[in-house]
$ cat coords.tsv   # TSV, C-alpha atoms
chain	number	residue	atom	x	y	z
P	667	MET	CA	36.77	-12.73	-16.20
P	668	LYS	CA	35.02	-9.85	-17.94
P	669	ASP	CA	31.24	-9.97	-18.31
P	670	THR	CA	30.17	-10.30	-21.92
P	671	ILE	CA	27.44	-7.84	-22.77
P	672	LYS	CA	25.45	-8.16	-25.98
P	673	LEU	CA	22.27	-6.59	-27.23
P	674	ASP	CA	19.84	-9.48	-27.44
P	675	ALA	CA	16.19	-10.21	-28.06
P	676	GLN	CA	15.44	-9.40	-24.40
P	677	THR	CA	16.38	-5.74	-24.82
P	678	PRO	CA	13.15	-4.01	-25.78
P	679	MET	CA	14.49	-0.59	-26.71
P	680	ARG	CA	17.64	1.44	-27.13
P	681	LEU	CA	17.98	3.94	-24.31
P	682	LYS	CA	19.54	7.38	-24.53
P	683	ILE	CA	21.71	7.48	-21.40
P	684	LEU	CA	23.63	10.25	-19.68
P	685	PHE	CA	26.45	8.92	-17.48
P	686	ALA	CA	28.17	11.28	-15.01
P	687	ASP	CA	31.17	10.23	-12.92
P	688	ASP	CA	34.46	11.93	-12.11
P	689	GLU	CA	36.56	8.75	-12.44
P	690	PRO	CA	38.25	8.72	-15.89
P	691	ALA	CA	38.60	4.92	-15.94
P	692	LEU	CA	34.86	4.47	-15.31
P	693	GLN	CA	34.02	7.11	-17.91
P	694	GLU	CA	36.05	5.20	-20.50
P	695	LEU	CA	34.48	1.87	-19.49
P	696	MET	CA	30.95	3.25	-19.86
P	697	HIS	CA	31.90	4.98	-23.12
P	698	LEU	CA	32.68	1.47	-24.46
P	699	GLU	CA	30.16	-0.73	-22.66
P	700	LEU	CA	26.91	1.26	-22.83
P	701	PRO	CA	26.97	1.28	-26.67
P	702	ARG	CA	27.93	-2.41	-26.59
P	703	MET	CA	24.75	-2.98	-24.60
P	704	GLY	CA	22.88	-1.27	-27.42
P	705	HIS	CA	22.39	2.15	-25.86
P	706	GLU	CA	23.40	5.67	-26.87
P	707	ALA	CA	25.69	7.19	-24.23
P	708	THR	CA	26.72	10.71	-23.29
P	709	ILE	CA	29.60	10.68	-20.80
P	710	CYS	CA	30.13	13.61	-18.43
P	711	PRO	CA	33.07	14.12	-16.02
P	712	ASP	CA	31.09	16.07	-13.39
P	713	GLY	CA	27.67	17.27	-12.29
P	714	HIS	CA	27.85	20.69	-13.95
P	715	THR	CA	28.63	19.12	-17.33
P	716	ALA	CA	25.77	16.67	-16.81
P	717	VAL	CA	23.28	19.47	-16.11
P	718	ALA	CA	24.50	21.35	-19.18
P	719	ALA	CA	23.90	18.20	-21.26
P	720	LEU	CA	20.42	17.86	-19.73
P	721	GLU	CA	19.65	21.43	-20.81
P	722	ARG	CA	20.57	20.59	-24.43
P	723	ASN	CA	19.08	17.08	-24.76
P	724	THR	CA	16.51	14.73	-23.32
P	725	TYR	CA	17.54	11.35	-21.96
P	726	ASP	CA	15.68	8.18	-21.09
P	727	CYS	CA	17.97	7.50	-18.14
P	728	ILE	CA	20.75	9.20	-16.23
P	729	ILE	CA	23.35	7.30	-14.21
P	730	VAL	CA	25.18	9.54	-11.75
P	731	ASP	CA	27.89	9.19	-9.14
P	732	LEU	CA	26.88	10.64	-5.77
P	733	ASP	CA	30.25	12.13	-4.89
P	734	MET	CA	31.43	14.48	-7.66
P	735	PRO	CA	33.19	17.84	-7.30
P	736	GLY	CA	31.09	20.98	-7.70
P	737	MET	CA	27.67	19.37	-8.00
P	738	ASN	CA	26.88	16.00	-6.47
P	739	GLY	CA	24.64	13.29	-7.91
P	740	ILE	CA	21.65	14.19	-5.71
P	741	GLN	CA	21.75	17.76	-7.06
P	742	VAL	CA	22.03	16.47	-10.63
P	743	ILE	CA	19.00	14.22	-10.11
P	744	ALA	CA	17.00	17.12	-8.64
P	745	LYS	CA	17.84	19.34	-11.65
P	746	CYS	CA	17.05	16.50	-14.05
P	747	LYS	CA	13.63	15.94	-12.47
P	748	GLU	CA	12.88	19.68	-12.77
P	749	MET	CA	13.76	19.71	-16.48
P	750	SER	CA	12.59	16.25	-17.50
P	751	PRO	CA	10.38	14.48	-14.93
P	752	ASP	CA	10.03	11.35	-17.09
P	753	THR	CA	13.79	10.69	-17.18
P	754	ASP	CA	14.75	7.74	-14.98
P	755	ALA	CA	17.69	8.30	-12.62
P	756	VAL	CA	20.11	5.71	-11.24
P	757	VAL	CA	22.77	6.35	-8.62
P	758	LEU	CA	26.17	4.65	-8.89
P	759	THR	CA	28.47	5.23	-5.92
P	760	GLY	CA	31.40	3.83	-4.00
P	761	LYS	CA	30.27	5.49	-0.77
P	762	SER	CA	26.96	3.82	-0.10
P	763	SER	CA	24.93	4.33	3.02
P	764	PHE	CA	21.31	3.94	3.95
P	765	GLU	CA	20.94	7.72	4.23
P	766	THR	CA	22.30	8.44	0.75
P	767	ALA	CA	20.15	5.70	-0.77
P	768	VAL	CA	17.02	7.15	0.83
P	769	GLN	CA	18.00	10.68	-0.23
P	770	ALA	CA	18.55	9.55	-3.83
P	771	LEU	CA	15.22	7.73	-3.93
P	772	ARG	CA	13.43	10.77	-2.49
P	773	GLN	CA	14.88	12.92	-5.28
P	774	GLY	CA	13.45	10.50	-7.84
P	775	ALA	CA	16.11	7.85	-8.42
P	776	VAL	CA	14.66	4.51	-9.55
P	777	ASP	CA	17.62	2.45	-8.36
P	778	TYR	CA	20.93	2.56	-6.54
P	779	LEU	CA	24.08	0.62	-7.51
P	780	THR	CA	27.31	0.41	-5.55
P	781	LYS	CA	30.81	0.45	-7.02
P	782	PRO	CA	32.30	-1.75	-8.17
P	783	CYS	CA	29.22	-2.77	-10.08
P	784	LYS	CA	29.13	-5.77	-12.36
P	785	LEU	CA	28.28	-4.94	-15.96
P	786	ILE	CA	25.70	-7.73	-15.99
P	787	ASP	CA	23.91	-6.02	-13.06
P	788	LEU	CA	23.94	-2.70	-14.92
P	789	LYS	CA	22.62	-4.41	-18.04
P	790	ALA	CA	19.77	-6.00	-16.03
P	791	LEU	CA	18.88	-2.64	-14.48
P	792	LEU	CA	18.84	-0.91	-17.89
P	793	LEU	CA	16.71	-3.73	-19.27
P	794	ARG	CA	14.19	-3.10	-16.47
P	795	VAL	CA	14.23	0.65	-17.21
P	796	ALA	CA	13.74	0.01	-20.94
P	797	ARG	CA	10.84	-2.41	-20.38
P	798	GLN	CA	9.10	-0.02	-18.01
P	799	ARG	CA	9.51	2.87	-20.47
P	800	GLU	CA	8.15	0.67	-23.25
P	801	TRP	CA	5.04	-0.16	-21.18
P	802	ILE	CA	4.49	3.51	-20.32
P	803	ASN	CA	4.76	4.45	-24.02
P	804	LYS	CA	2.28	1.70	-24.96
P	805	CYS	CA	-0.19	2.88	-22.30
P	806	ARG	CA	0.05	6.47	-23.52
P	807	ALA	CA	-0.48	5.36	-27.13
P	808	LEU	CA	-3.51	3.27	-26.15
P	809	ALA	CA	-5.01	6.15	-24.16
P	810	HIS	CA	-4.53	8.47	-27.13
P	811	GLN	CA	-6.05	5.90	-29.51
P	812	LEU	CA	-9.02	5.34	-27.19
P	813	GLU	CA	-9.62	9.08	-26.97
P	814	ARG	CA	-9.48	9.36	-30.76
P	815	VAL	CA	-11.89	6.43	-31.29
P	816	GLU	CA	-14.38	7.42	-28.60
P	817	GLY	CA	-14.21	11.12	-29.32
P	818	LYS	CA	-15.87	13.58	-27.04
P	819	THR	CA	-18.74	12.27	-24.98
P	820	GLU	CA	-21.99	14.06	-25.77
P	821	LEU	CA	-24.34	15.04	-22.99
P	822	VAL	CA	-28.00	14.27	-23.55
P	823	GLY	CA	-30.69	16.83	-22.82
P	824	GLY	CA	-31.76	20.26	-23.98
P	825	SER	CA	-33.08	21.95	-20.86
P	826	ARG	CA	-31.78	25.34	-19.83
P	827	GLY	CA	-29.88	23.73	-16.94
P	828	MET	CA	-28.28	21.16	-19.25
P	829	GLU	CA	-27.30	23.86	-21.74
P	830	HIS	CA	-25.66	25.76	-18.89
P	831	VAL	CA	-23.71	22.61	-17.90
P	832	LYS	CA	-22.54	22.15	-21.52
P	833	LYS	CA	-21.30	25.74	-21.65
P	834	LEU	CA	-19.45	25.33	-18.36
P	835	ILE	CA	-17.75	22.20	-19.69
P	836	GLU	CA	-16.70	23.97	-22.89

$ encode --input "coords.tsv" --output "structure tokens"
Amino acid sequence: MKDTIKLDAQTPMRLKILFADDEPALQELMHLELPRMGHEATICPDGHTAVAALERNTYDCIIVDLDMPGMNGIQVIAKCKEMSPDTDAVVLTGKSSFETAVQALRQGAVDYLTKPCKLIDLKALLLRVARQREWINKCRALAHQLERVEGKTELVGGSRGMEHVKKLIE
């Protein structure tokens, strides 16, 4: 039975996702299912195409296969983190091993899924990514608002030493 995926009240935000895998059937499935989950999806057939897409756009999350011709998923994640450090990366692979999982996590992947992956598991992972991104955005907004409200902190004192400190700070 196919998992039913719907955008519901639990999904905090629509993610912009780049999906890279060399399996045409999986590309087509993600082309249909990621939008059904409420996300915007860019589908790439290989690592080079994924990097080219990363050069043109920013993404909230990338989902990459480890074993692709030309440029593997670890290399795509490394390039992504160079260009857009805040983009979350997820590895999806049929050839899982402890070593590849550790390598992916060291390059900056936030999670690791094995094929075949249930759509409900992917949806749960993307929900976690969306919630975390939402919290980070809220924290940044609060920090900005606090800075705007508090303004610059003024130093008290008019001695020559204090004036020197003020000039150094400026």

$ atom_distance --input "coords.tsv" --atom1 "atom CA of Gly760 of chain P" --atom2 "atom CA of Leu732 of chain P"
8.4 Å

$ closest_residue --input "coords.tsv" --among "P:Glu800, P:Glu765, P:Asp688, P:Glu721" --to "Ser750 of chain P" --atoms "only C-alpha atoms"
P:Glu721

$ residues_around --input "coords.tsv" --residues "Arg772 of chain P" --least-positions-apart "6" --cutoff "10 Å" --atoms "all atoms listed in the file" --output "NGL selection string"
:P and (740 or 744 or 766)

$ residues_around --input "coords.tsv" --residues "Gly823 of chain P" --least-positions-apart "5" --cutoff "10 Å" --atoms "only C-alpha atoms" --output "count of residues only"
3

$ closest_residue --input "coords.tsv" --among "P:Lys833, P:His714, P:Arg702, P:Lys747" --to "Leu771 of chain P" --atoms "all atoms listed in the file"
P:Lys747

$ residues_around --input "coords.tsv" --residues "Leu791 of chain P" --least-positions-apart "5" --cutoff "12 Å" --atoms "all atoms listed in the file" --output "list of chain:residue names"
P:Thr677, P:Leu681, P:Met703, P:Cys727, P:Ile729, P:Asp754, P:Ala755, P:Val756, P:Val757, P:Leu758, P:Val776, P:Asp777, P:Tyr778, P:Leu779, P:Cys783, P:Lys784, P:Leu785, P:Ile786, P:Ala796, P:Arg797, P:Gln798

$ closest_residue --input "coords.tsv" --among "P:Ile835, P:Ile683, P:Ile709, P:Cys746" --to "Leu695 of chain P" --atoms "only C-alpha atoms"
P:Ile709

$ closest_residue --input "coords.tsv" --among "P:Asp752, P:Leu684, P:Thr715, P:Asp787" --to "Ile802 of chain P" --atoms "only C-alpha atoms"
P:Asp752

$ residues_around --input "coords.tsv" --residues "Thr759 of chain P" --least-positions-apart "6" --cutoff "8 Å" --atoms "only C-alpha atoms" --output "ChimeraX atom specification"
/P:730-733,779-781

$ atom_distance --input "coords.tsv" --atom1 "atom CA of Tyr725 of chain P" --atom2 "atom CA of Lys682 of chain P"
5.1 Å

$ residues_around --input "coords.tsv" --residues "Lys745 of chain P" --least-positions-apart "6" --cutoff "12 Å" --atoms "only C-alpha atoms" --output "NGL selection string"
:P and (713-714 or 716-721 or 728 or 737-739 or 751 or 753 or 755 or 773-774)

$ atom_distance --input "coords.tsv" --atom1 "atom CA of Met696 of chain P" --atom2 "atom CA of Val795 of chain P"
17.1 Å

$ closest_residue --input "coords.tsv" --among "P:Arg680, P:Arg806, P:Arg826, P:Arg794" --to "Pro701 of chain P" --atoms "all atoms listed in the file"
P:Arg680
